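> Please read through the structure below; I'll follow up with questions.
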Amino acid sequence: MHTVLTRGNATVAYSLSVLACLTFCCFASTVFQNYRTDAKINTVRVLVKNVPDYGASREKHDLGFLTFDLETNLTDVFNWNVKQLFLFLTAEYETTSNQLNQVVLWDKIILRGQNAVLDFKNMNTKYYFWDDGNGLKDNKNVTLILSWNIIPNAGLLPTVQALGIHRFKFPAEYSSSI
Amino acid sequence: MLDIQTHMDFVGQAKAERWSRLIITFFGVIGLIYGGIVQQFSQTVYILGVGFLISSLITIPPWPFYRNNPLKWQKPVITEQKSQTGDSSDEGKAKKKDK
């Protein structure tokens with residue numbers, strides 16, 4: 001501590017140690033936080049088509065089309081250790097070839113300070129609902145699940161599932177091709 | 001003559017270190033509490049930054065009040081005779097070289 005440089009070095013080093021300690025406190029204060037909350041999901045229009053999947057095998061695969069309503073209030077999820085949320089809507093279903101299929105249909109980023117009260121009506125999906133075969137037609141049990149990734153300042157990167165889910169069925173007939 | 005002192009004595013160094021630790025810790029705790037209340041971790045970081053600046057201003061420059069306890073040096077031993085003889089011998093050598 002006998003020159004300006006050693007004192008400056010000590011001050012910077014100690015400040016950074018304190019900052020690390022504060023960051024850990026911030027993480028520790030939210031590590032047991034329960035981030036689950038309600039979401040109301042509903043499908044409006046559901047159809048299934050049988051079209052060639054040029055992105056993969058060029059064979060005719062099932063392609064689902066749906067529009068959905070989504071209502072949820074994520075304001076309470078935000079705290080001082082949440083920078084942004086990555087919401088994603090997943091469809092889960094079972095086919096004869098696979099016990100569990102998961103397809104992401106839609107996603108959204110909510111930054112801190114943005115409106116976190118969502119009320120979407122009759123939304124189109126963002127991504128194609130392809131099945132890797134013909135498992136969508138007449139599928140009686142498809143589950144829509146809303147989940148979110150929490151991007152924190154410090155600590156874990158949890159994936160949380162909303163409390164509300166929605167089950168729907170695909171029609172037993174293909175709609176006419178586009 | 002301008003006589004600018006840039007040192008800290010030992011007591012001053014200890015004081016500077018203790019004050020820098022205290023100030024930064026204090027602002028860190030205040031920042032944590034305030035950031036927790038407003039739920040903005042950025043506020044915590046800013047308040048810690050203010051503490052860093054204040055601490056830097058107070059404890060990094062060698063302010064005069066860090067020089068209140070000068071060391072008590074022993075009185076220099078007077079060695080007039082030796083230095084005189086040394087000088088004379090040097091002079092003698094120089095003279096010899098000159099010649």
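Labels for the structure tokens follow display order: chains A, B, ..., residues from 1 in each chain, ligands from 1.
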Taking 5 positions as the minimum chain separation for residues in the same chain, which residues sit within 8 Å of Glu173 in chain A when counting only C-alpha atoms? Answer as a list in words.
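After dropping sequence-adjacent residues, the list is Val48, Lys137 and Asp138 of chain A.
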> For a quick test of understanding: name the residues of chain B lying within 6 Å of chain A when counting only C-alpha atoms, and present them as a VMD selection string.
chain B and resid 13 39 to 41 60
> Please save C-alpha atoms of the selected residues as a PDB file, in the first residue's frame.

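Result went into again-v1.pdb, see below:
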```
ATOM      1  CA  GLN B  13      -0.937   3.102   4.765  1.00  0.00           C
ATOM      2  CA  GLN B  39     -35.444  -5.591  -7.619  1.00  0.00           C
ATOM      3  CA  GLN B  40     -32.812  -4.146  -9.951  1.00  0.00           C
ATOM      4  CA  PHE B  41     -29.390  -5.714  -9.686  1.00  0.00           C
ATOM      5  CA  ILE B  60      -5.466   6.308  -3.406  1.00  0.00           C
TER       6      ILE B  60
END
```
> With only C-alpha atoms as the basis for distance, which of B:Ser42, B:Gly28, B:Arg21, B:Pro62 is at the shortest distance from His7 in chain B?
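Of B:Ser42, B:Gly28, B:Arg21, B:Pro62, the one nearest His7 in chain B, counting only C-alpha atoms, is B:Pro62.
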> Run DSSP on the backbone and grab whatever in range 2-74 of chain B lands in helix (DSSP H, G or I); send it over as a VMD selection string.
chain B and resid 10 to 38 41 to 59 64 to 66
> Interatomic distance between CA of Gly155 in chain A and CA of Phe24 in chain A?
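According to the coordinates, CA of Gly155 in chain A and CA of Phe24 in chain A are separated by 8.1 Å.
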> Excluding Ala116 in chain A and residues on its chain fewer than 4 positions from it, collect all residues at most 8 Å away from it, counting only C-alpha atoms, and give them as a ChimeraX atom specification.
/A:73-75,110
> Selected residues, C-alpha atoms, written as a tab-separated table (two decimals), in the first residue's frame, please.

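Dumped everything to out.tsv:
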```tsv
chain	number	residue	atom	x	y	z
A	73	ASN	CA	-49.42	-13.11	-16.90
A	74	LEU	CA	-45.68	-13.48	-16.40
A	75	THR	CA	-45.12	-10.24	-14.46
A	110	ILE	CA	-39.78	-11.13	-23.31
```
